[in-house]
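Engineer: To be precise about what I am sending: the file is called work_11.cif and holds mmCIF, C-alpha atoms.
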data_protein
loop_
_atom_site.label_atom_id
_atom_site.label_comp_id
_atom_site.auth_asym_id
_atom_site.auth_seq_id
_atom_site.Cartn_x
_atom_site.Cartn_y
_atom_site.Cartn_z
CA MET A 1 -18.10 20.66 17.20
CA THR A 2 -15.10 20.80 19.50
CA MET A 3 -12.86 23.55 20.69
CA LEU A 4 -9.69 22.20 19.11
CA GLY A 5 -11.02 21.23 15.72
CA ALA A 6 -11.12 17.66 14.56
CA GLY A 7 -8.41 16.09 12.46
CA ASN A 8 -8.83 15.27 8.81
CA LYS A 9 -10.87 12.32 7.73
CA LEU A 10 -8.82 9.16 7.46
CA SER A 11 -9.16 7.11 4.28
CA PRO A 12 -9.67 3.32 4.48
CA LEU A 13 -6.11 2.76 3.28
CA GLY A 14 -4.81 5.28 5.79
CA LEU A 15 -6.57 3.35 8.53
CA LEU A 16 -5.20 0.03 7.25
CA SER A 17 -1.66 1.37 7.36
CA LEU A 18 -2.27 2.91 10.80
CA VAL A 19 -3.36 -0.47 12.19
CA ILE A 20 -0.39 -2.26 10.64
CA ARG A 21 2.09 0.36 11.86
CA ARG A 22 0.60 0.29 15.34
CA ASP A 23 0.90 -3.47 15.64
CA LEU A 24 4.46 -3.43 14.30
CA VAL A 25 5.49 -0.72 16.78
CA LEU A 26 3.88 -2.68 19.62
CA ALA A 27 5.67 -5.84 18.49
CA MET A 28 9.00 -3.99 18.44
CA ARG A 29 8.42 -2.81 22.00
CA ARG A 30 7.49 -6.32 23.15
CA ARG A 31 10.32 -8.01 21.33
CA ALA A 32 10.41 -11.01 23.67
CA ASP A 33 7.07 -12.22 22.30
CA VAL A 34 8.31 -12.17 18.74
CA LEU A 35 11.57 -13.84 19.61
CA THR A 36 9.93 -16.74 21.47
CA THR A 37 8.08 -17.80 18.31
CA LEU A 38 11.23 -17.63 16.24
CA VAL A 39 13.38 -19.42 18.80
CA PHE A 40 10.74 -22.13 19.15
CA PHE A 41 10.78 -22.67 15.38
CA VAL A 42 14.60 -22.84 15.24
CA MET A 43 14.74 -25.23 18.21
CA VAL A 44 12.14 -27.66 16.93
CA VAL A 45 13.66 -27.83 13.47
CA SER A 46 17.18 -28.19 14.85
CA LEU A 47 16.23 -31.01 17.22
CA PHE A 48 15.47 -33.36 14.34
CA PRO A 49 19.00 -33.68 12.86
CA LEU A 50 20.28 -34.17 16.41
CA GLY A 51 17.70 -36.80 17.23
CA VAL A 52 17.66 -38.68 13.96
CA GLY A 53 21.40 -38.73 13.41
CA PRO A 54 23.56 -37.62 10.50
CA GLU A 55 22.07 -39.77 7.74
CA LEU A 56 21.84 -37.27 4.92
CA ASP A 57 19.42 -39.22 2.75
CA MET A 58 16.89 -39.52 5.51
CA LEU A 59 17.31 -35.90 6.61
CA ARG A 60 16.85 -34.61 3.08
CA LYS A 61 13.64 -36.63 2.77
CA MET A 62 12.12 -35.43 6.01
CA ALA A 63 13.25 -31.80 5.77
CA PRO A 64 10.14 -30.28 4.13
CA GLY A 65 7.77 -32.02 6.51
CA VAL A 66 9.77 -31.05 9.57
CA VAL A 67 10.07 -27.41 8.58
CA TRP A 68 6.37 -27.15 7.76
CA VAL A 69 5.16 -28.88 10.93
CA ALA A 70 7.45 -26.64 12.99
CA ALA A 71 6.13 -23.55 11.18
CA LEU A 72 2.58 -24.69 11.85
CA LEU A 73 3.25 -25.18 15.57
CA ALA A 74 5.14 -21.90 15.84
CA SER A 75 2.24 -20.03 14.26
CA MET A 76 -0.17 -21.62 16.77
CA LEU A 77 2.08 -20.34 19.54
CA SER A 78 1.68 -16.72 18.47
CA LEU A 79 -2.06 -16.80 17.79
CA GLY A 80 -3.00 -16.07 21.38
CA ARG A 81 -1.47 -12.62 21.06
CA LEU A 82 -3.40 -11.62 17.96
CA PHE A 83 -6.49 -10.19 19.68
CA SER A 84 -6.11 -10.88 23.41
CA ALA A 85 -4.10 -7.76 24.34
CA ASP A 86 -6.57 -5.52 22.50
CA TYR A 87 -9.44 -7.38 24.12
CA LEU A 88 -8.08 -6.93 27.63
CA ASP A 89 -7.27 -3.21 27.41
CA GLY A 90 -10.47 -2.21 25.62
CA THR A 91 -8.89 -1.34 22.26
CA LEU A 92 -10.97 -4.03 20.61
CA GLU A 93 -14.14 -2.17 21.62
CA GLN A 94 -12.82 0.90 19.84
CA ILE A 95 -11.85 -1.19 16.82
CA LEU A 96 -15.40 -2.49 16.63
CA LEU A 97 -16.67 1.09 16.83
CA ALA A 98 -14.45 2.37 14.02
CA PRO A 99 -16.52 3.96 11.27
CA GLN A 100 -14.85 1.72 8.69
CA SER A 101 -15.32 -1.84 7.62
CA LEU A 102 -14.27 -4.12 10.48
CA SER A 103 -12.97 -6.66 7.95
CA LEU A 104 -10.43 -4.10 6.76
CA LEU A 105 -9.14 -3.47 10.29
CA VAL A 106 -8.98 -7.21 10.91
CA LEU A 107 -7.03 -7.66 7.67
CA GLY A 108 -4.56 -5.06 8.91
CA LYS A 109 -4.11 -6.90 12.18
CA ILE A 110 -3.63 -10.22 10.37
CA LEU A 111 -1.04 -8.75 7.99
CA ALA A 112 0.89 -7.20 10.88
CA HIS A 113 0.72 -10.49 12.74
CA TRP A 114 2.12 -12.31 9.72
CA MET A 115 4.96 -9.80 9.32
CA VAL A 116 5.91 -10.33 12.94
CA SER A 117 5.41 -14.07 13.33
CA GLY A 118 5.31 -15.57 9.83
CA LEU A 119 7.84 -13.60 7.81
CA PRO A 120 10.76 -14.22 10.20
CA LEU A 121 10.13 -17.96 9.85
CA VAL A 122 10.27 -17.67 6.06
CA LEU A 123 13.53 -15.76 6.25
CA ILE A 124 15.27 -18.14 8.63
CA ALA A 125 13.98 -21.37 7.06
CA PRO A 126 16.74 -21.60 4.38
CA VAL A 127 19.41 -21.47 7.07
CA LEU A 128 17.69 -24.30 8.91
CA GLY A 129 17.28 -26.18 5.63
CA LEU A 130 21.05 -26.38 5.37
CA GLN A 131 21.08 -28.60 8.45
CA PHE A 132 19.08 -31.08 6.40
CA ASP A 133 21.41 -30.90 3.40
CA MET A 134 18.68 -29.48 1.18
CA SER A 135 19.70 -28.49 -2.34
CA ALA A 136 19.69 -24.83 -3.38
CA GLN A 137 16.73 -25.45 -5.63
CA ALA A 138 14.76 -27.12 -2.85
CA LEU A 139 15.54 -24.18 -0.58
CA TRP A 140 14.12 -21.71 -3.09
CA VAL A 141 10.94 -23.74 -3.40
CA LEU A 142 10.75 -23.97 0.39
CA ILE A 143 10.90 -20.17 0.63
CA ALA A 144 8.26 -19.74 -2.06
CA ALA A 145 5.95 -22.29 -0.45
CA LEU A 146 6.37 -20.73 3.00
CA LEU A 147 5.79 -17.24 1.58
CA LEU A 148 2.47 -18.41 0.14
CA GLY A 149 1.56 -20.69 3.03
CA THR A 150 2.38 -18.81 6.25
CA PRO A 151 -0.09 -15.96 5.54
CA ILE A 152 -2.80 -18.62 5.17
CA LEU A 153 -1.86 -19.99 8.59
CA SER A 154 -2.19 -16.48 10.10
CA MET A 155 -5.56 -15.95 8.43
CA ILE A 156 -7.09 -19.29 9.44
CA GLY A 157 -5.59 -18.80 12.87
CA ALA A 158 -7.24 -15.40 13.19
CA VAL A 159 -10.68 -16.98 12.87
CA GLY A 160 -9.85 -19.42 15.65
CA ALA A 161 -8.32 -16.70 17.82
CA ALA A 162 -11.42 -14.52 17.42
CA LEU A 163 -13.77 -17.40 18.26
CA THR A 164 -11.90 -18.36 21.42
CA LEU A 165 -11.38 -14.79 22.64
CA GLY A 166 -11.94 -14.42 26.34
CA LEU A 167 -12.41 -18.13 26.95
CA ARG A 168 -10.46 -19.87 29.66
CA GLY A 169 -7.94 -22.27 28.17
CA GLY A 170 -8.43 -20.60 24.80
CA GLY A 171 -4.82 -21.30 23.84
CA VAL A 172 -5.24 -25.05 23.62
CA LEU A 173 -8.71 -24.78 22.14
CA VAL A 174 -7.52 -22.54 19.34
CA SER A 175 -4.90 -25.12 18.34
CA LEU A 176 -7.49 -27.88 18.29
CA LEU A 177 -9.76 -25.73 16.14
CA VAL A 178 -7.19 -24.42 13.74
CA LEU A 179 -4.70 -27.27 13.22
CA PRO A 180 -7.09 -29.54 11.26
CA LEU A 181 -7.97 -26.63 8.97
CA CYS A 182 -4.29 -26.09 8.23
CA ILE A 183 -3.72 -29.63 6.95
CA PRO A 184 -4.17 -28.73 3.24
CA VAL A 185 -1.53 -26.00 3.59
CA LEU A 186 0.83 -28.51 5.19
CA ILE A 187 0.25 -31.10 2.47
CA PHE A 188 0.79 -28.80 -0.48
CA GLY A 189 3.54 -26.77 1.19
CA ALA A 190 5.64 -29.80 2.08
CA GLY A 191 4.57 -31.48 -1.17
CA ALA A 192 6.05 -28.68 -3.26
CA VAL A 193 9.50 -29.16 -1.74
CA GLU A 194 9.26 -32.94 -2.07
CA ALA A 195 8.24 -32.57 -5.69
CA VAL A 196 11.33 -30.55 -6.56
CA SER A 197 13.58 -33.09 -4.82
CA THR A 198 12.11 -35.89 -6.93
CA GLY A 199 12.44 -33.80 -10.10
CA MET A 200 8.75 -33.13 -10.64
CA SER A 201 7.14 -29.78 -11.43
CA VAL A 202 6.26 -27.63 -8.44
CA VAL A 203 3.88 -25.37 -10.34
CA SER A 204 0.75 -27.29 -9.38
CA HIS A 205 1.58 -27.28 -5.67
CA LEU A 206 2.43 -23.61 -5.62
CA SER A 207 -0.65 -22.69 -7.67
CA LEU A 208 -2.86 -24.55 -5.23
CA LEU A 209 -1.21 -22.73 -2.32
CA GLY A 210 -1.73 -19.45 -4.18
CA ALA A 211 -5.39 -20.28 -4.73
CA MET A 212 -5.82 -21.09 -1.04
CA LEU A 213 -4.13 -17.80 -0.15
CA LEU A 214 -6.55 -15.83 -2.33
CA LEU A 215 -9.55 -17.67 -0.92
CA ALA A 216 -8.36 -17.05 2.62
CA LEU A 217 -7.68 -13.39 1.82
CA VAL A 218 -11.26 -12.91 0.65
CA PHE A 219 -13.13 -14.83 3.31
CA THR A 220 -11.18 -15.00 6.57
CA PRO A 221 -11.14 -11.25 7.44
CA TRP A 222 -14.91 -11.16 7.14
CA VAL A 223 -15.41 -14.37 9.12
CA THR A 224 -12.98 -13.13 11.77
CA ALA A 225 -14.86 -9.83 12.00
CA GLN A 226 -18.14 -11.67 12.60
CA ALA A 227 -16.47 -13.89 15.21
CA LEU A 228 -15.12 -10.81 17.02
CA ARG A 229 -18.59 -9.26 17.17
CA ILE A 230 -19.91 -12.46 18.73
CA SER A 231 -17.03 -12.59 21.22
CA MET A 232 -17.59 -9.00 22.31
CA GLU A 233 -21.25 -9.44 23.11
CA MET B 1 -39.26 27.56 20.39
CA GLU B 2 -39.43 24.67 17.95
CA THR B 3 -39.59 21.17 19.30
CA PRO B 4 -36.17 19.52 19.20
CA ILE B 5 -35.75 16.60 16.82
CA ALA B 6 -34.87 13.36 18.57
CA MET B 7 -31.52 12.11 17.29
CA LEU B 8 -31.31 8.95 19.34
CA GLU B 9 -34.49 6.99 19.93
CA ILE B 10 -34.80 3.91 22.07
CA SER B 11 -38.06 2.06 21.87
CA ASP B 12 -39.28 -0.82 23.98
CA LEU B 13 -35.75 -2.01 24.68
CA ALA B 14 -35.23 -5.20 26.68
CA CYS B 15 -31.87 -6.48 27.75
CA ALA B 16 -30.75 -9.69 29.44
CA ARG B 17 -27.47 -11.05 30.65
CA GLY B 18 -27.65 -14.84 30.43
CA ASP B 19 -31.03 -15.78 31.92
CA HIS B 20 -31.19 -12.68 34.04
CA ARG B 21 -33.52 -9.99 32.70
CA LEU B 22 -31.94 -6.59 33.37
CA PHE B 23 -34.65 -4.30 32.07
CA SER B 24 -37.49 -4.33 29.58
CA GLY B 25 -39.88 -1.95 27.93
CA MET B 26 -37.42 0.92 28.11
CA SER B 27 -38.14 3.85 25.83
CA PHE B 28 -36.56 7.27 25.69
CA SER B 29 -35.12 9.68 23.21
CA LEU B 30 -32.36 12.21 23.17
CA SER B 31 -32.07 15.37 21.11
CA ALA B 32 -29.29 17.85 20.49
CA GLY B 33 -27.95 19.57 23.59
CA GLU B 34 -29.33 17.05 26.07
CA LEU B 35 -27.52 15.39 28.94
CA LEU B 36 -28.75 12.04 30.22
CA GLN B 37 -27.51 10.38 33.36
CA VAL B 38 -28.19 6.67 33.74
CA GLU B 39 -28.62 5.80 37.40
CA GLY B 40 -28.93 2.53 39.20
CA VAL B 41 -27.32 0.32 41.79
CA ASN B 42 -24.45 -2.01 40.91
CA GLY B 43 -25.61 -4.73 38.58
CA SER B 44 -28.75 -2.92 37.48
CA GLY B 45 -27.63 -2.96 33.85
CA LYS B 46 -26.12 0.50 33.31
CA THR B 47 -23.13 -0.81 31.40
CA SER B 48 -25.30 -3.28 29.49
CA LEU B 49 -27.56 -0.44 28.42
CA LEU B 50 -24.61 1.62 27.20
CA ARG B 51 -23.13 -1.37 25.38
CA THR B 52 -26.47 -1.98 23.73
CA LEU B 53 -26.57 1.67 22.62
CA CYS B 54 -23.12 1.14 21.07
CA GLY B 55 -24.32 -1.93 19.22
CA PHE B 56 -22.03 -4.41 21.01
CA MET B 57 -24.94 -6.22 22.62
CA ILE B 58 -27.96 -7.33 20.68
CA PRO B 59 -31.08 -6.38 22.65
CA GLU B 60 -33.61 -9.09 23.44
CA ALA B 61 -36.33 -6.86 22.11
CA GLY B 62 -36.70 -3.32 20.83
CA VAL B 63 -34.58 -1.11 18.63
CA VAL B 64 -32.09 1.70 18.98
CA ARG B 65 -32.46 4.30 16.24
CA TRP B 66 -30.03 7.05 15.28
CA ARG B 67 -31.44 9.73 12.98
CA GLY B 68 -34.42 7.43 12.48
CA GLU B 69 -32.42 4.43 11.29
CA ASP B 70 -31.75 1.19 13.18
CA ILE B 71 -28.13 1.40 14.33
CA ARG B 72 -27.54 -2.22 13.39
CA GLU B 73 -28.32 -1.46 9.76
CA ARG B 74 -26.35 1.79 9.52
CA ARG B 75 -23.44 0.70 11.68
CA GLU B 76 -20.63 2.67 10.03
CA GLU B 77 -22.58 5.94 9.73
CA TYR B 78 -23.64 5.66 13.35
CA HIS B 79 -20.16 4.85 14.60
CA ALA B 80 -18.80 7.91 12.78
CA GLU B 81 -21.09 10.06 14.91
CA MET B 82 -20.51 8.59 18.35
CA ILE B 83 -17.71 8.14 20.84
CA TYR B 84 -17.82 5.44 23.50
CA LEU B 85 -15.61 5.47 26.55
CA GLY B 86 -15.94 2.33 28.60
CA HIS B 87 -14.46 1.05 31.83
CA LEU B 88 -11.36 0.10 29.89
CA ASN B 89 -9.20 2.96 28.71
CA ALA B 90 -8.19 1.44 25.38
CA ILE B 91 -4.65 2.72 25.75
CA LYS B 92 -1.44 0.74 25.34
CA ASP B 93 1.16 0.69 28.11
CA GLU B 94 4.00 0.40 25.62
CA LEU B 95 3.05 3.55 23.71
CA ASN B 96 3.26 7.13 24.90
CA ALA B 97 0.29 9.42 25.37
CA LEU B 98 0.74 11.05 21.98
CA GLU B 99 0.94 7.75 20.10
CA ASN B 100 -2.09 6.45 21.96
CA LEU B 101 -4.10 9.52 21.05
CA HIS B 102 -3.06 9.28 17.39
CA ILE B 103 -4.20 5.67 17.25
CA ASN B 104 -7.45 6.23 19.09
CA ALA B 105 -8.27 9.17 16.83
CA GLY B 106 -7.34 7.04 13.82
CA LEU B 107 -9.70 4.29 14.89
CA ALA B 108 -12.40 6.91 15.22
CA GLY B 109 -11.63 7.95 11.64
CA TYR B 110 -9.44 11.04 12.08
CA ALA B 111 -5.89 11.73 11.05
CA LEU B 112 -4.42 14.11 13.62
CA ASP B 113 -1.35 16.23 13.31
CA ASP B 114 0.96 16.47 16.32
CA LYS B 115 -0.14 20.02 17.11
CA GLN B 116 -3.78 19.04 17.57
CA ALA B 117 -2.84 15.98 19.59
CA ILE B 118 -0.52 17.90 21.90
CA ALA B 119 -3.10 20.65 22.36
CA ALA B 120 -5.68 18.03 23.38
CA LEU B 121 -3.33 16.37 25.85
CA ARG B 122 -2.38 19.75 27.36
CA ARG B 123 -6.00 20.67 27.78
CA MET B 124 -6.39 17.38 29.69
CA GLY B 125 -3.60 18.51 32.02
CA LEU B 126 -0.90 16.25 30.65
CA ARG B 127 1.63 18.95 29.77
CA GLY B 128 5.12 17.44 29.95
CA ARG B 129 3.75 13.89 29.91
CA GLU B 130 3.06 13.73 26.17
CA THR B 131 5.95 11.47 25.28
CA LEU B 132 6.24 9.38 28.43
CA PRO B 133 5.29 5.72 28.08
CA VAL B 134 1.79 5.35 29.47
CA LYS B 135 2.92 2.61 31.83
CA VAL B 136 4.68 5.18 34.04
CA LEU B 137 1.54 7.32 34.35
CA SER B 138 -0.92 7.06 37.23
CA GLN B 139 -4.45 5.67 36.83
CA GLY B 140 -5.91 9.16 36.75
CA GLN B 141 -3.44 10.31 34.13
CA ARG B 142 -4.22 7.28 31.98
CA ARG B 143 -7.87 8.13 32.21
CA ARG B 144 -7.01 11.65 31.07
CA VAL B 145 -5.18 10.22 28.05
CA ALA B 146 -8.30 8.22 27.20
CA LEU B 147 -10.55 11.25 27.70
CA ALA B 148 -8.38 13.37 25.40
CA ARG B 149 -10.08 11.47 22.59
CA LEU B 150 -13.25 13.46 23.26
CA LEU B 151 -11.42 16.63 22.25
CA VAL B 152 -10.18 15.56 18.85
CA GLY B 153 -13.33 14.15 17.25
CA ASN B 154 -16.50 15.88 16.18
CA ALA B 155 -18.95 13.12 17.04
CA PRO B 156 -22.20 14.60 18.39
CA LEU B 157 -23.00 11.64 20.66
CA TRP B 158 -20.81 10.80 23.64
CA ILE B 159 -21.51 7.61 25.56
CA LEU B 160 -19.44 7.62 28.73
CA ASP B 161 -19.35 4.75 31.19
CA GLU B 162 -18.09 6.02 34.55
CA PRO B 163 -15.98 8.79 33.00
CA LEU B 164 -14.93 10.14 36.39
CA THR B 165 -13.27 6.96 37.68
CA ALA B 166 -9.80 7.71 39.09
CA LEU B 167 -10.04 11.42 38.25
CA ASP B 168 -9.06 14.07 40.79
CA VAL B 169 -11.14 17.14 41.65
CA SER B 170 -9.59 19.36 38.99
CA ALA B 171 -10.10 16.71 36.29
CA VAL B 172 -13.74 16.29 37.33
CA GLY B 173 -14.12 20.05 36.96
CA LEU B 174 -12.54 19.84 33.53
CA MET B 175 -14.93 17.06 32.51
CA GLN B 176 -17.88 19.20 33.57
CA GLU B 177 -16.49 22.01 31.46
CA LEU B 178 -15.97 19.73 28.44
CA ILE B 179 -19.45 18.27 28.69
CA GLY B 180 -20.87 21.78 29.01
CA GLU B 181 -19.05 22.95 25.86
CA HIS B 182 -20.11 19.83 23.99
CA LEU B 183 -23.77 20.34 24.89
CA ALA B 184 -23.56 24.03 23.98
CA ASN B 185 -22.39 22.87 20.54
CA ASN B 186 -25.54 20.78 20.13
CA GLY B 187 -23.81 17.63 21.30
CA MET B 188 -25.43 14.89 23.34
CA VAL B 189 -24.03 13.02 26.31
CA ILE B 190 -25.20 9.82 27.97
CA TYR B 191 -23.21 8.80 31.02
CA THR B 192 -23.19 6.76 34.16
CA THR B 193 -21.53 7.87 37.34
CA HIS B 194 -21.56 7.36 41.06
CA GLN B 195 -20.09 10.79 41.66
CA PRO B 196 -22.18 13.93 41.34
CA LEU B 197 -21.61 15.70 38.04
CA GLU B 198 -23.28 19.07 37.61
CA VAL B 199 -23.00 20.97 34.39
CA ALA B 200 -23.74 24.67 34.67
CA GLY B 201 -26.84 25.82 32.84
CA VAL B 202 -27.93 22.37 31.75
CA VAL B 203 -30.76 20.30 33.14
CA THR B 204 -29.59 16.75 33.63
CA ARG B 205 -32.19 14.21 32.61
CA ARG B 206 -32.10 11.10 34.72
CA LEU B 207 -32.92 7.55 33.79
CA SER B 208 -33.21 5.12 36.70
CA LEU B 209 -32.67 1.42 36.32
CA SER B 210 -33.98 -0.75 39.10
#
Written as structure tokens, how would this file's structure read?

Structural biologist:
Amino acid sequence: MTMLGAGNKLSPLGLLSLVIRRDLVLAMRRRADVLTTLVFFVMVVSLFPLGVGPELDMLRKMAPGVVWVAALLASMLSLGRLFSADYLDGTLEQILLAPQSLSLLVLGKILAHWMVSGLPLVLIAPVLGLQFDMSAQALWVLIAALLLGTPILSMIGAVGAALTLGLRGGGVLVSLLVLPLCIPVLIFGAGAVEAVSTGMSVVSHLSLLGAMLLLALVFTPWVTAQALRISME
Amino acid sequence: METPIAMLEISDLACARGDHRLFSGMSFSLSAGELLQVEGVNGSGKTSLLRTLCGFMIPEAGVVRWRGEDIRERREEYHAEMIYLGHLNAIKDELNALENLHINAGLAGYALDDKQAIAALRRMGLRGRETLPVKVLSQGQRRRVALARLLVGNAPLWILDEPLTALDVSAVGLMQELIGEHLANNGMVIYTTHQPLEVAGVVTRRLSLS
């Protein structure tokens, strides 16, 4: 129908990878945004040993909770960016008009968001754990729990971000909406690390986190897609 | 000559923004090769009408049908056959023109190769600007990057909201040419504009909102 000839049809997976690659490239070109989240996480976690003092027993006990609460707050910090840039420059309109399932595109955006704002936290957490004198075993469990838990935070957060899109003061509102929903992740994530320190099995905690991840993976992209349609009206 | 088959049918459409009723009882249809200009003063609901035709806004009453099916029920099939260009360009400042076109084509469902993308950008008069970050381009050039999307898809229905904003005389001429070619290929165009847009050999249908 056109003079230049259209390109080939893009498969759903091709589109998914296009969305992820696009968001990663954009994140690399706006590196300051990514770094603020990471620096915030490092700062908050590092403030505790300084504030509480060098009592190793106490630090070891509070380490999992501190790391998880800091990860939760850091992920709230980055939620505002998930859809707002696309909303402001009109890309979101085009995303809604894509001849593919909107849930799939949303999933791509969530995955890219996690790679940029969740994965770095997972990677740096063991280093921060050393400040709390965590054992090697506890550090491994911390990594596993964060690997399962941070994607859930991104997915629940995406629903909140989509609902508050275009609202004034959306940043605070999204935290108020999303933080209570993240409590189970916090409990089982921090619980897993505590369990290993007290010599109990961590399997149940990690399985529950895994189950929550699967549930979130199935439902949140669809819910987010519906929320985006409402926000764009 | 056989009677043309209506591709897009709007029946008894009513649209409101908040409590304010913009229009109601609107019915029209569009068949292959037709050009429709939506006219009206500021705030008369031109953009709302176009957004309703895209399926962003749910009409208060009435239906929009594409090939006889309600667009809200056949969303993906409909979206594969239409292109919408709104007030916002949907291009990223951090990316260059080529990357932007690749992404926009991808969202519309096409995988482009570089040759096609560069050819489209050159046709839009962006030769030599293909790999510059969009943030260094002027408003008119950004608009051209956005319009390049029209060249790389094969959607029969174009919905253009103020396509001529920020374009210079030569770009307006180019748009007239592109719309003419699209209509000659049995395409359909619905647009709003405050500038005159005449396409040679085509009768522009007008729809006035008051």

Engineer: Report, as lines of an AutoDock Vina configuration file, the axis-aligned box around all atoms of region 134-141 of chain A present in the file, extended by 4 Å on each side; give centre and edge lengths in Å to one decimal place.

Structural biologist:
center_x = 15.3
center_y = -25.6
center_z = -2.2
size_x = 16.8
size_y = 15.8
size_z = 14.8

Engineer: Any chance you could work out the residue set of the PyMOL selection byres ((chain B and resi 94) around 8) here, as a compact mmCIF listing (two decimals) with C-alpha atoms, in the frame of the given file?

Structural biologist:
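Everything below was put into out10.txt:
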# COMPACT_ATOMS: atom_id res chain seq x y z
CA LEU A 26 3.88 -2.68 19.62
CA ARG A 29 8.42 -2.81 22.00
CA ARG A 30 7.49 -6.32 23.15
CA LYS B 92 -1.44 0.74 25.34
CA ASP B 93 1.16 0.69 28.11
CA LEU B 95 3.05 3.55 23.71
CA ASN B 96 3.26 7.13 24.90
CA PRO B 133 5.29 5.72 28.08
CA VAL B 134 1.79 5.35 29.47
CA LYS B 135 2.92 2.61 31.83

Engineer: Using only C-alpha atoms, what table do you get, as a Markdown table, when you list each residue of chain B with an atom no more than 6 Å from chain A, its nearest pair of atoms, and their distance in Å rounded to one decimal, rows by chain then rising number?

Structural biologist:
| residue | atom | partner | partner_atom | distance |
| --- | --- | --- | --- | --- |
| B:Phe56 | CA | A:Glu233 | CA | 5.5 |
| B:Met57 | CA | A:Glu233 | CA | 4.9 |
| B:Glu76 | CA | A:Pro99 | CA | 4.5 |
| B:His79 | CA | A:Pro99 | CA | 5.0 |
| B:Ala80 | CA | A:Pro99 | CA | 4.8 |
| B:Leu88 | CA | A:Gly90 | CA | 4.9 |
| B:Ala90 | CA | A:Thr91 | CA | 4.2 |
| B:Leu107 | CA | A:Ala98 | CA | 5.2 |
| B:Ala108 | CA | A:Ala98 | CA | 5.1 |
| B:Gly109 | CA | A:Leu10 | CA | 5.2 |
| B:Tyr110 | CA | A:Lys9 | CA | 4.8 |
| B:Ala111 | CA | A:Asn8 | CA | 5.1 |
| B:Leu112 | CA | A:Gly7 | CA | 4.6 |
| B:Val152 | CA | A:Ala6 | CA | 4.9 |
| B:Gly153 | CA | A:Ala6 | CA | 4.9 |
| B:Asn154 | CA | A:Met1 | CA | 5.1 |
| B:Asn185 | CA | A:Met1 | CA | 5.9 |

Engineer: Any idea what the distance is between CA of Ser210 (chain B) and CA of Gly40 (chain B)?

Structural biologist: 6.0 Å

Engineer: As an exercise, work out the distance from CA of Asn100 (chain B) to CA of Lys46 (chain B) in Å and give it to one decimal place.

Structural biologist: 27.2 Å

Engineer: Could you state which residues are captured by the PyMOL selection byres ((chain B and resi 60-62) around 7) in this file, as an mmCIF file with C-alpha atoms, in the coordinates of the input?

Structural biologist:
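Saved to expr_15.cif:
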data_model
loop_
_atom_site.group_PDB
_atom_site.id
_atom_site.type_symbol
_atom_site.label_atom_id
_atom_site.label_comp_id
_atom_site.auth_asym_id
_atom_site.auth_seq_id
_atom_site.Cartn_x
_atom_site.Cartn_y
_atom_site.Cartn_z
ATOM 1 C CA SER B 11 -38.060 2.060 21.870
ATOM 2 C CA ASP B 12 -39.280 -0.820 23.980
ATOM 3 C CA LEU B 13 -35.750 -2.010 24.680
ATOM 4 C CA ALA B 14 -35.230 -5.200 26.680
ATOM 5 C CA CYS B 15 -31.870 -6.480 27.750
ATOM 6 C CA ALA B 16 -30.750 -9.690 29.440
ATOM 7 C CA ILE B 58 -27.960 -7.330 20.680
ATOM 8 C CA PRO B 59 -31.080 -6.380 22.650
ATOM 9 C CA VAL B 63 -34.580 -1.110 18.630
#

Engineer: Around (5.6, -25.7, 1.6) in the file's own coordinates, what residues are found within 12 Å if you use all atoms listed in the file, given back as a short mmCIF file (atom, residue, chain, number, x, y, z; two decimals) with C-alpha atoms, keeping the file's coordinate frame?

Structural biologist:
data_model
loop_
_atom_site.label_atom_id
_atom_site.label_comp_id
_atom_site.auth_asym_id
_atom_site.auth_seq_id
_atom_site.Cartn_x
_atom_site.Cartn_y
_atom_site.Cartn_z
CA ALA A 63 13.25 -31.80 5.77
CA PRO A 64 10.14 -30.28 4.13
CA GLY A 65 7.77 -32.02 6.51
CA VAL A 66 9.77 -31.05 9.57
CA VAL A 67 10.07 -27.41 8.58
CA TRP A 68 6.37 -27.15 7.76
CA VAL A 69 5.16 -28.88 10.93
CA ALA A 70 7.45 -26.64 12.99
CA ALA A 71 6.13 -23.55 11.18
CA LEU A 72 2.58 -24.69 11.85
CA VAL A 122 10.27 -17.67 6.06
CA ALA A 125 13.98 -21.37 7.06
CA ALA A 138 14.76 -27.12 -2.85
CA LEU A 139 15.54 -24.18 -0.58
CA TRP A 140 14.12 -21.71 -3.09
CA VAL A 141 10.94 -23.74 -3.40
CA LEU A 142 10.75 -23.97 0.39
CA ILE A 143 10.90 -20.17 0.63
CA ALA A 144 8.26 -19.74 -2.06
CA ALA A 145 5.95 -22.29 -0.45
CA LEU A 146 6.37 -20.73 3.00
CA LEU A 147 5.79 -17.24 1.58
CA LEU A 148 2.47 -18.41 0.14
CA GLY A 149 1.56 -20.69 3.03
CA THR A 150 2.38 -18.81 6.25
CA PRO A 151 -0.09 -15.96 5.54
CA ILE A 152 -2.80 -18.62 5.17
CA LEU A 153 -1.86 -19.99 8.59
CA CYS A 182 -4.29 -26.09 8.23
CA ILE A 183 -3.72 -29.63 6.95
CA PRO A 184 -4.17 -28.73 3.24
CA VAL A 185 -1.53 -26.00 3.59
CA LEU A 186 0.83 -28.51 5.19
CA ILE A 187 0.25 -31.10 2.47
CA PHE A 188 0.79 -28.80 -0.48
CA GLY A 189 3.54 -26.77 1.19
CA ALA A 190 5.64 -29.80 2.08
CA GLY A 191 4.57 -31.48 -1.17
CA ALA A 192 6.05 -28.68 -3.26
CA VAL A 193 9.50 -29.16 -1.74
CA GLU A 194 9.26 -32.94 -2.07
CA ALA A 195 8.24 -32.57 -5.69
CA VAL A 196 11.33 -30.55 -6.56
CA VAL A 202 6.26 -27.63 -8.44
CA HIS A 205 1.58 -27.28 -5.67
CA LEU A 206 2.43 -23.61 -5.62
CA SER A 207 -0.65 -22.69 -7.67
CA LEU A 208 -2.86 -24.55 -5.23
CA LEU A 209 -1.21 -22.73 -2.32
CA GLY A 210 -1.73 -19.45 -4.18
#
